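A.B. asks: Please find one structure pasted underneath; my questions will follow.
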Amino acid sequence: MKAALTAARDTGQVPLLVTPENAAATYGAGYLAALQDRAREEFPDVAFTLIVDCGDTPGYALACLRAGVTKISMAKHNDKIADIARQMGAELVRRPT
């Protein structure tokens, strides 16, 4: 991630960073939220978007939202999770292909 953000800073691009599929289950919500926060601290001048993939598990999606992740994706759209995300100032988005 650091290399991508450094390159974005150097070129003035706005990168879209997407975790691997089902990353929330693999790495954990706390780690991914800390990764997002650390990137924002180290690259305050780079307006990046990080999308954390939560697979098909609402529990991981909720854990990521509670941890402070602002953009999550799921294998299938979930209206309840989308509503909770909106209420928390976050967003459930479609995973880019």
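Lettering and numbering for the structure tokens are positional, with chains as A, B, ... in the shown order, residues counted from 1 in each chain, and ligands counted from 1 in the shown order.
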Excluding range 77-87 of chain A and any residue of its chain fewer than 5 positions from it, enumerate the residues within 12 Å of it, using only C-alpha atoms, and give them as a list in words.

C.D. replies: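 The residues satisfying every condition are Asp53, Cys54, Gly55, Asp56, Thr57, Pro58, Gly59, Tyr60, Ala61, Leu62, Ala63, Cys64, Leu65, Arg66, Ala67, Gly68, Val69, Thr70, Lys71, Ile72, Leu92, Val93, Arg94 and Arg95 of chain A.
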
A.B. asks: Could you turn the residues from that selection into a file that holds C-alpha atoms, as a tab-separated table (two decimals), in the first residue's frame?

C.D. replies:
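Contents of again22.tsv, as written:
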chain	number	residue	atom	x	y	z
A	53	ASP	CA	-13.86	-6.78	1.19
A	54	CYS	CA	-15.99	-8.58	3.79
A	55	GLY	CA	-16.96	-11.58	1.69
A	56	ASP	CA	-20.46	-12.84	2.37
A	57	THR	CA	-20.32	-12.45	6.15
A	58	PRO	CA	-22.32	-9.62	7.73
A	59	GLY	CA	-20.48	-10.10	11.02
A	60	TYR	CA	-17.15	-9.15	9.46
A	61	ALA	CA	-18.78	-6.19	7.74
A	62	LEU	CA	-20.16	-4.94	11.06
A	63	ALA	CA	-16.81	-5.49	12.77
A	64	CYS	CA	-15.08	-3.40	10.11
A	65	LEU	CA	-17.62	-0.62	10.49
A	66	ARG	CA	-17.22	-0.62	14.28
A	67	ALA	CA	-13.44	-0.49	13.85
A	68	GLY	CA	-13.73	2.61	11.67
A	69	VAL	CA	-13.42	1.30	8.12
A	70	THR	CA	-15.32	3.76	5.93
A	71	LYS	CA	-15.85	1.70	2.75
A	72	ILE	CA	-16.70	-1.98	2.73
A	92	LEU	CA	-21.26	-0.41	1.50
A	93	VAL	CA	-20.05	-0.35	-2.10
A	94	ARG	CA	-19.88	-2.81	-4.96
A	95	ARG	CA	-16.48	-4.44	-5.25

A.B. asks: List as an MDAnalysis selection string the protein and nucleic acid residues near range 39-46 of chain A, meaning an atom at most 9 Å away when only C-alpha atoms are counted, but skip any in the same chain fewer than 5 places from it.

C.D. replies: chainID A and resid 1:2 5:6 8:9 12:15 34

A.B. asks: In range 20-84 of chain A, what's alpha helix (DSSP H) per DSSP? Answer as number ranges by chain?

C.D. replies: A: 23-27, 29-42, 58-67, 79-84

A.B. asks: Rank A:Thr11, A:Ala29, A:Pro20, A:Ala4 by their smallest atom-to-atom distance to Thr97 in chain A, using only C-alpha atoms, and report the top residue only.

C.D. replies: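 The closest residue to Thr97 in chain A is A:Pro20.
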
A.B. asks: What is the distance between CA of Ile51 in chain A and CA of Ser73 in chain A, in Å to one decimal?

C.D. replies: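 Straight-line distance from CA of Ile51 in chain A to CA of Ser73 in chain A works out to 6.6 Å.
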
A.B. asks: So what do you get for CA of Asn22 in chain A versus CA of Ala75 in chain A, distance-wise?

C.D. replies: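 Between these atoms lies a distance of 8.6 Å.
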